[in-house]
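Single-structure report; data block below.
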Amino acid sequence: MIIFLSLIILGVGKSEMIASMVKTKGDVMIKRLGKPVYNEVAKPGTGINNGDALEVGSQEFAVAIYLDDRSIVKIKENTRFQFIDTPNTRTINIELGTILNEIKKQKKSKVFRIETPVSVASVKGTKFAVVVNPSGVDQFYGMEGFVEIMNLVTGK
């Protein structure tokens, strides 16, 4: 009991707010880190914590902005993904759907990555889109800048 109270007092396990919802249309749902279901409706101004996941249904969309570098993530309909930040890597782990990104140049020590079930993309300050199909087909569209993609199945 004493250890548990100490962890609460020290703030261990507390999520850090890394982004904010700028725009939403329809029911955009959040699954907070450690929660089993998407049970919170995201509205403009809703904070996104490290580890939170978003689900955007059909006929819906959302826009999120990272607080530190102002990078923008536009989320199209039928998309599900998670925000993950570590000291060296900023990752969007997309399960399925489409996201359009306007990523600002990251600090020298930080890499921006998009992870799908079959690919990993490292991003160097760019505008690009990712489409993840439930059948396992990933599509990356570069509009500006540089994106390096590796297929996790083939290693290429």
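The chains in the structure tokens are called A, B, ... from first to last as shown; in each chain the residues are counted from 1, and the ligands are counted from 1 in the order shown.
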(request) Can you list, as JSON, numbers by chain, all residues belonging to region 31-89 of chain A that DSSP tags as strand (DSSP E)? (result) {"A": [31, 40, 41, 42, 47, 48, 49, 53, 54, 55, 56, 61, 62, 63, 64, 65, 66, 72, 73, 74, 75, 79, 80, 81, 82, 83, 84, 85, 89]}
Hey, can you spit out that residue selection with C-alpha atoms as a PDB file, in the first residue's frame?
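Saved result, result-v4.pdb, follows:
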```pdb
ATOM      1  CA  LYS A  31      -8.972   5.341 -26.003  1.00  0.00           C
ATOM      2  CA  GLU A  40     -14.235   9.366 -24.761  1.00  0.00           C
ATOM      3  CA  VAL A  41     -15.471  11.716 -27.485  1.00  0.00           C
ATOM      4  CA  ALA A  42     -12.770  14.062 -28.804  1.00  0.00           C
ATOM      5  CA  GLY A  47      -5.762  17.051 -25.117  1.00  0.00           C
ATOM      6  CA  ILE A  48      -4.038  13.965 -26.513  1.00  0.00           C
ATOM      7  CA  ASN A  49      -1.695  12.242 -24.094  1.00  0.00           C
ATOM      8  CA  ALA A  53      -5.346   6.094 -29.476  1.00  0.00           C
ATOM      9  CA  LEU A  54      -7.893   7.695 -31.830  1.00  0.00           C
ATOM     10  CA  GLU A  55     -10.686   6.093 -33.815  1.00  0.00           C
ATOM     11  CA  VAL A  56     -12.406   8.039 -36.579  1.00  0.00           C
ATOM     12  CA  PHE A  61     -12.544  13.272 -39.772  1.00  0.00           C
ATOM     13  CA  ALA A  62     -10.250  15.019 -37.322  1.00  0.00           C
ATOM     14  CA  VAL A  63      -7.154  17.206 -37.148  1.00  0.00           C
ATOM     15  CA  ALA A  64      -4.585  17.051 -34.334  1.00  0.00           C
ATOM     16  CA  ILE A  65      -1.557  19.264 -33.740  1.00  0.00           C
ATOM     17  CA  TYR A  66       1.558  18.429 -31.735  1.00  0.00           C
ATOM     18  CA  ILE A  72      -0.235  18.507 -38.039  1.00  0.00           C
ATOM     19  CA  VAL A  73      -1.941  15.134 -38.462  1.00  0.00           C
ATOM     20  CA  LYS A  74      -5.179  15.055 -40.486  1.00  0.00           C
ATOM     21  CA  ILE A  75      -7.161  11.884 -39.872  1.00  0.00           C
ATOM     22  CA  THR A  79      -8.918   5.299 -39.280  1.00  0.00           C
ATOM     23  CA  ARG A  80      -7.519   3.915 -36.038  1.00  0.00           C
ATOM     24  CA  PHE A  81      -4.056   4.785 -34.656  1.00  0.00           C
ATOM     25  CA  GLN A  82      -2.024   5.551 -31.526  1.00  0.00           C
ATOM     26  CA  PHE A  83       0.306   8.432 -30.551  1.00  0.00           C
ATOM     27  CA  ILE A  84       3.591   7.221 -29.002  1.00  0.00           C
ATOM     28  CA  ASP A  85       6.388   9.570 -27.892  1.00  0.00           C
ATOM     29  CA  THR A  89      11.254   8.878 -31.363  1.00  0.00           C
TER      30      THR A  89
END
```
Using only C-alpha atoms, I'd like a table of the residues in region 77-128 of chain A that come within 10 Å of region 142-151 of chain A; for each, show the closest atom pair and its distance in Å rounded to one decimal, ordered by chain and ascending number, as a Markdown table.
```
| residue | atom | partner | partner_atom | distance |
| --- | --- | --- | --- | --- |
| A:Leu100 | CA | A:Gly142 | CA | 10.0 |
| A:Asn101 | CA | A:Gly142 | CA | 9.8 |
| A:Glu102 | CA | A:Glu144 | CA | 9.2 |
| A:Ile103 | CA | A:Gly145 | CA | 9.6 |
| A:Phe112 | CA | A:Val147 | CA | 9.9 |
| A:Arg113 | CA | A:Val147 | CA | 9.3 |
| A:Ile114 | CA | A:Ile149 | CA | 9.1 |
| A:Glu115 | CA | A:Ile149 | CA | 9.7 |
| A:Thr116 | CA | A:Asn151 | CA | 9.4 |
| A:Pro117 | CA | A:Asn151 | CA | 9.5 |
| A:Val118 | CA | A:Asn151 | CA | 5.9 |
| A:Ser119 | CA | A:Asn151 | CA | 4.4 |
| A:Val120 | CA | A:Met150 | CA | 5.3 |
| A:Ala121 | CA | A:Ile149 | CA | 4.2 |
| A:Ser122 | CA | A:Glu148 | CA | 5.2 |
| A:Val123 | CA | A:Val147 | CA | 4.7 |
| A:Lys124 | CA | A:Phe146 | CA | 5.5 |
| A:Gly125 | CA | A:Gly145 | CA | 6.3 |
| A:Thr126 | CA | A:Gly145 | CA | 4.4 |
| A:Lys127 | CA | A:Glu144 | CA | 5.0 |
| A:Phe128 | CA | A:Gly142 | CA | 4.4 |
```
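What separates CA of Ala19 (chain A) from CA of Val37 (chain A) is a distance of 20.1 Å.
For the set A:Gln139, A:Gln106, A:Thr46, A:Asn88, the residue with the smallest atom-to-atom gap to Ile30 (chain A) is A:Thr46, counting only C-alpha atoms.
Using only C-alpha atoms, the shortest contact distance between Met17 (chain A) and any of A:Val111, A:Leu33, A:Leu96, A:Ala129 is found at A:Leu33.
Between CA of Lys107 (chain A) and CA of Glu16 (chain A) the separation is 18.5 Å.
Note that CA of Pro134 (chain A) and CA of Pro36 (chain A) are 21.1 Å apart.
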